[in-house]
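Chemist: Please find protein37.cif (mmCIF, C-alpha atoms) on the next line:
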```
data_data
#
loop_
_atom_site.group_PDB
_atom_site.id
_atom_site.type_symbol
_atom_site.label_atom_id
_atom_site.label_comp_id
_atom_site.auth_asym_id
_atom_site.auth_seq_id
_atom_site.Cartn_x
_atom_site.Cartn_y
_atom_site.Cartn_z
ATOM 1 C CA MET A 114 133.104 59.741 -100.116
ATOM 2 C CA LYS A 115 130.725 61.428 -102.589
ATOM 3 C CA HIS A 116 130.503 58.272 -104.705
ATOM 4 C CA LEU A 117 129.813 56.165 -101.600
ATOM 5 C CA LEU A 118 126.978 58.472 -100.541
ATOM 6 C CA ILE A 119 125.419 58.467 -103.998
ATOM 7 C CA ARG A 120 125.666 54.677 -104.138
ATOM 8 C CA CYS A 121 124.035 54.406 -100.696
ATOM 9 C CA LEU A 122 121.155 56.657 -101.729
ATOM 10 C CA ILE A 123 120.615 54.751 -104.953
ATOM 11 C CA LEU A 124 120.737 51.519 -102.999
ATOM 12 C CA VAL A 125 118.142 52.839 -100.546
ATOM 13 C CA GLY A 126 115.860 53.725 -103.440
ATOM 14 C CA LEU A 127 116.331 50.366 -105.102
ATOM 15 C CA LEU A 128 116.018 48.267 -101.984
ATOM 16 C CA LEU A 129 113.036 50.067 -100.566
ATOM 17 C CA GLY A 130 111.526 49.741 -103.955
ATOM 18 C CA SER A 131 110.834 53.943 -104.485
ATOM 19 C CA THR A 132 101.117 66.437 -104.831
ATOM 20 C CA SER A 133 100.762 68.543 -106.662
ATOM 21 C CA ILE A 134 102.950 71.627 -106.446
ATOM 22 C CA THR A 135 99.957 73.891 -106.570
ATOM 23 C CA SER A 136 98.101 72.069 -103.823
ATOM 24 C CA ALA A 137 101.325 71.846 -101.829
ATOM 25 C CA SER A 138 101.994 75.568 -101.952
ATOM 26 C CA THR A 139 101.627 76.246 -98.245
ATOM 27 C CA SER A 140 100.154 73.039 -96.919
ATOM 28 C CA SER A 141 102.385 70.275 -95.612
ATOM 29 C CA GLY A 142 99.664 67.830 -96.558
ATOM 30 C CA GLY A 143 100.246 68.231 -100.320
ATOM 31 C CA ILE A 144 102.353 65.086 -100.465
ATOM 32 C CA THR A 145 100.695 63.102 -97.708
ATOM 33 C CA GLY A 146 99.596 59.646 -98.732
ATOM 34 C CA LEU A 147 101.168 56.459 -100.027
ATOM 35 C CA TRP A 148 104.322 56.465 -102.188
ATOM 36 C CA GLN A 149 106.149 53.637 -103.925
ATOM 37 C CA THR A 150 109.933 53.777 -103.739
ATOM 38 C CA ALA A 151 112.098 53.859 -106.875
ATOM 39 C CA GLY A 152 112.726 50.132 -107.142
ATOM 40 C CA GLY A 153 109.042 49.363 -106.729
ATOM 41 C CA ASN A 154 109.613 47.064 -103.760
ATOM 42 C CA GLY A 155 108.693 49.345 -100.878
ATOM 43 C CA TYR A 156 105.953 51.691 -99.796
ATOM 44 C CA ILE A 157 106.181 54.781 -97.628
ATOM 45 C CA ARG A 158 103.117 56.378 -96.062
ATOM 46 C CA ILE A 159 103.777 60.129 -95.668
ATOM 47 C CA TYR A 160 101.750 61.845 -92.975
ATOM 48 C CA GLU A 161 101.670 65.176 -91.169
ATOM 49 C CA LYS A 162 102.232 65.595 -87.435
ATOM 50 C CA ASN A 163 102.527 68.960 -85.674
ATOM 51 C CA GLY A 164 103.149 70.796 -88.960
ATOM 52 C CA ALA A 165 105.991 68.505 -90.086
ATOM 53 C CA LEU A 166 106.036 65.569 -92.504
ATOM 54 C CA PHE A 167 107.029 62.034 -91.570
ATOM 55 C CA GLY A 168 107.216 58.851 -93.622
ATOM 56 C CA GLN A 169 106.593 55.354 -92.327
ATOM 57 C CA SER A 170 107.620 52.224 -94.208
ATOM 58 C CA VAL A 171 104.551 50.006 -94.646
ATOM 59 C CA GLY A 172 104.571 46.363 -95.632
ATOM 60 C CA HIS A 173 101.156 46.324 -97.284
ATOM 61 C CA LEU A 174 99.249 49.024 -99.134
ATOM 62 C CA GLN A 175 96.436 48.902 -96.579
ATOM 63 C CA ASP A 176 98.694 49.218 -93.502
ATOM 64 C CA THR A 177 98.241 52.278 -91.345
ATOM 65 C CA VAL A 178 101.211 53.984 -89.710
ATOM 66 C CA GLN A 179 100.256 52.395 -86.375
ATOM 67 C CA GLN A 180 100.039 48.912 -87.897
ATOM 68 C CA ALA A 181 103.423 49.315 -89.592
ATOM 69 C CA ARG A 182 105.035 50.443 -86.321
ATOM 70 C CA ALA A 183 103.491 47.503 -84.474
ATOM 71 C CA LYS A 184 105.069 45.198 -87.079
ATOM 72 C CA GLY A 185 108.486 46.819 -86.503
ATOM 73 C CA ARG A 186 108.661 48.695 -89.820
ATOM 74 C CA PRO A 187 111.128 51.634 -89.688
ATOM 75 C CA GLN A 188 110.298 55.315 -89.932
ATOM 76 C CA ILE A 189 112.029 56.512 -93.124
ATOM 77 C CA LEU A 190 111.297 60.272 -93.122
ATOM 78 C CA ALA A 191 111.198 62.601 -90.106
ATOM 79 C CA ASN A 192 110.651 66.287 -89.371
ATOM 80 C CA PHE A 193 110.373 67.747 -92.883
ATOM 81 C CA VAL A 194 109.054 71.313 -92.758
ATOM 82 C CA PRO A 195 107.803 73.498 -95.635
ATOM 83 C CA LYS A 196 110.595 75.497 -97.272
ATOM 84 C CA ARG A 197 108.792 76.914 -100.324
ATOM 85 C CA PRO A 198 105.834 75.796 -102.440
ATOM 86 C CA GLY A 199 106.289 72.119 -103.283
ATOM 87 C CA GLU A 200 109.467 71.699 -101.213
ATOM 88 C CA TRP A 201 110.148 70.477 -97.679
ATOM 89 C CA ALA A 202 113.537 70.571 -95.929
ATOM 90 C CA GLN A 203 115.440 70.196 -92.657
ATOM 91 C CA GLY A 204 114.330 66.592 -92.322
ATOM 92 C CA ARG A 205 116.057 63.265 -91.867
ATOM 93 C CA ILE A 206 116.010 60.217 -94.128
ATOM 94 C CA TYR A 207 116.759 56.805 -92.652
ATOM 95 C CA ASP A 208 118.433 54.063 -94.674
ATOM 96 C CA PRO A 209 117.342 50.860 -92.902
ATOM 97 C CA ASN A 210 119.731 48.682 -94.892
ATOM 98 C CA ASN A 211 122.848 50.520 -93.717
ATOM 99 C CA LYS A 212 121.320 52.012 -90.546
ATOM 100 C CA ILE A 213 122.403 55.522 -91.619
ATOM 101 C CA TYR A 214 120.576 58.837 -91.295
ATOM 102 C CA PHE A 215 120.857 61.506 -93.986
ATOM 103 C CA HIS A 216 119.775 65.133 -94.046
ATOM 104 C CA GLY A 217 117.216 65.637 -96.754
ATOM 105 C CA THR A 218 114.747 67.572 -98.839
ATOM 106 C CA LEU A 219 111.524 66.511 -100.516
ATOM 107 C CA THR A 220 110.368 68.136 -103.752
ATOM 108 C CA ALA A 221 107.035 67.536 -105.468
ATOM 109 C CA LEU A 222 107.913 67.272 -109.161
ATOM 110 C CA ASP A 223 104.269 66.843 -110.152
ATOM 111 C CA PRO A 224 101.183 65.293 -108.521
ATOM 112 C CA HIS A 225 102.582 61.787 -109.009
ATOM 113 C CA GLU A 226 106.355 62.134 -108.486
ATOM 114 C CA LEU A 227 108.350 63.051 -105.401
ATOM 115 C CA LYS A 228 112.089 63.728 -105.484
ATOM 116 C CA VAL A 229 113.749 62.498 -102.283
ATOM 117 C CA TYR A 230 117.215 64.032 -101.880
ATOM 118 C CA GLY A 231 119.588 62.943 -99.124
ATOM 119 C CA TYR A 232 123.025 64.118 -98.126
ATOM 120 C CA ILE A 233 125.636 63.940 -95.388
ATOM 121 C CA GLY A 234 127.141 67.194 -94.192
ATOM 122 C CA PHE A 235 126.788 69.423 -97.223
ATOM 123 C CA PRO A 236 123.846 69.478 -99.651
ATOM 124 C CA TRP A 237 126.163 69.062 -102.642
ATOM 125 C CA LEU A 238 127.365 65.729 -101.165
ATOM 126 C CA GLY A 239 124.265 63.745 -101.907
ATOM 127 C CA GLY A 240 121.974 62.058 -104.329
ATOM 128 C CA HIS A 241 118.303 61.589 -105.042
ATOM 129 C CA THR A 242 115.673 59.082 -105.972
ATOM 130 C CA ILE A 243 112.145 59.490 -107.333
ATOM 131 C CA TRP A 244 109.120 58.024 -105.591
ATOM 132 C CA THR A 245 105.752 57.536 -107.324
ATOM 133 C CA ARG A 246 102.381 58.221 -105.718
ATOM 134 C CA VAL A 247 100.226 55.129 -105.270
ATOM 135 C CA SER A 248 96.592 55.550 -106.254
ATOM 136 C CA THR A 249 94.327 54.521 -103.423
ATOM 137 C CA ASN A 250 91.234 54.099 -105.627
#
```
What's the structure tokens form of this structure?
Modeler:
Amino acid sequence: MKHLLIRCLILVGLLLGSTSITSASTSSGGITGLWQTAGGNGYIRIYEKNGALFGQSVGHLQDTVQQARAKGRPQILANFVPKRPGEWAQGRIYDPNNKIYFHGTLTALDPHELKVYGYIGFPWLGGHTIWTRVSTN
């Protein structure tokens, strides 16, 4: 079961493609913006709503969350709340390839890297992937 979960999480990172800790200390917005998934094939726009973080899959770098939803792109992250500086927890991660939801945590490793950790049931039954911030300049 553990190996299957880890393989699913790696697959999610590869198929979706795959902040600063100081600026994220108490603000949920520290990791808001556009992130490229681990495999480089997908983009997730992280945004804040009612004090929680959400992540919408976007097809193009310029797509807004509303445009991505209108195109039928799935919501990948939901309801992540600040746990400690640079870390958000109690959220859900959606794997659109297998149509599975995972519990998860997000950890800002540095201003340009985000660790996305997902698990089923117990936190030690999971795996992670690293997303890279996309420069919007």
Chemist: Hey, which of A:Ala151, A:Ala221, A:Ile206, A:Val247 ends up closest to Ile233 in chain A? Count only C-alpha atoms.
Modeler: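 Closest to Ile233 in chain A of all the choices is A:Ile206.
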Chemist: For a cutoff of 9 Å around the file-coordinate point (123.6, 56.3, -93.8), which residues qualify once you count only C-alpha atoms? I'd like the result as a list in words.
Modeler: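 The distance filter leaves exactly Leu118, Cys121, Leu122, Ile206, Tyr207, Asp208, Pro209, Asn210, Asn211, Lys212, Ile213, Tyr214, Phe215, Tyr232 and Ile233 of chain A.
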Chemist: Using all atoms listed in the file, which residue out of A:Leu166, A:Ile159, A:Leu238, A:Val178 lies closest to Ala191 in chain A?
Modeler: A:Leu166
Chemist: What is the CA of Lys196 in chain A-CA of Gln149 in chain A distance in Å, reported with one decimal?
Modeler: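 Taking CA of Lys196 in chain A as the start and CA of Gln149 in chain A as the end point, the length is 23.3 Å.
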Chemist: Using all atoms listed in the file, find the one residue out of A:Gly146, A:Gly199, A:Gly204, A:Gly164 that sits nearest to Asp176 in chain A.
Modeler: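 Answer, going by the shortest atom-to-atom distance: A:Gly146.
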Chemist: Expand the PyMOL selection byres ((chain A and resi 227) around 10) into the explicit residue set it covers here, and present it as a ChimeraX atom specification.
Modeler: /A:131-133,144,148-150,199-200,219-226,228-230,242-246
Chemist: Could you work out an axis-aligned box for range 207-215 of chain A, taking every atom the file lists and adding 8 Å on each side, and report centre and edge lengths in Å to one decimal, as AutoDock Vina command-line options?
Modeler:
```
--center_x 119.8 --center_y 55.1 --center_z -92.7 --size_x 22.1 --size_y 28.8 --size_z 20.3
```
Chemist: Need the shell around Ala181 in chain A: protein/DNA/RNA residues with any atom at most 8 Å away, counting all atoms listed in the file. Skip same-chain ones fewer than 3 positions apart. Format as a PDB file with C-alpha atoms, in the frame of the given file?
Modeler:
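result_4.pdb written:
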```
ATOM      1  CA  GLN A 169     106.593  55.354 -92.327  1.00  0.00           C
ATOM      2  CA  SER A 170     107.620  52.224 -94.208  1.00  0.00           C
ATOM      3  CA  VAL A 171     104.551  50.006 -94.646  1.00  0.00           C
ATOM      4  CA  GLY A 172     104.571  46.363 -95.632  1.00  0.00           C
ATOM      5  CA  ASP A 176      98.694  49.218 -93.502  1.00  0.00           C
ATOM      6  CA  THR A 177      98.241  52.278 -91.345  1.00  0.00           C
ATOM      7  CA  VAL A 178     101.211  53.984 -89.710  1.00  0.00           C
ATOM      8  CA  LYS A 184     105.069  45.198 -87.079  1.00  0.00           C
ATOM      9  CA  GLY A 185     108.486  46.819 -86.503  1.00  0.00           C
ATOM     10  CA  ARG A 186     108.661  48.695 -89.820  1.00  0.00           C
TER      11      ARG A 186
END
```
Chemist: Identify which of the residues A:Gln180, A:Gln175, A:Thr218, A:Asn192 lies closest to Lys162 in chain A, counting all atoms listed in the file when measuring atom-to-atom distances.
Modeler: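 With all atoms listed in the file as the atom set, the closest residue is A:Asn192.
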Chemist: Hey, can you check how far CA of Tyr156 in chain A sits from CA of His241 in chain A?
Modeler: 16.7 Å
Chemist: For CA of Pro195 in chain A and CA of Gly231 in chain A, quote the distance in Å rounded to one decimal.
Modeler: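 Separation of CA of Pro195 in chain A and CA of Gly231 in chain A: 16.2 Å.
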Chemist: So what does the PyMOL selection byres ((chain A and resi 190) around 6) actually pick up in this one, as a PyMOL selection string?
Modeler: chain A and resi 167-168+188-189+191+205-206
Chemist: For each of A:Ile157, A:Leu174, A:Ala202, A:Ala165, take the minimum atom-to-atom distance to Thr249 in chain A, counting all atoms listed in the file, then give the residue where this is smallest.
Modeler: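 That would be A:Leu174, the residue with the smallest distance to Thr249 in chain A.
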Chemist: Identify which of the residues A:Gly240, A:Arg182, A:Pro198, A:Pro187 lies closest to His216 in chain A, counting only C-alpha atoms when measuring atom-to-atom distances.
Modeler: A:Gly240
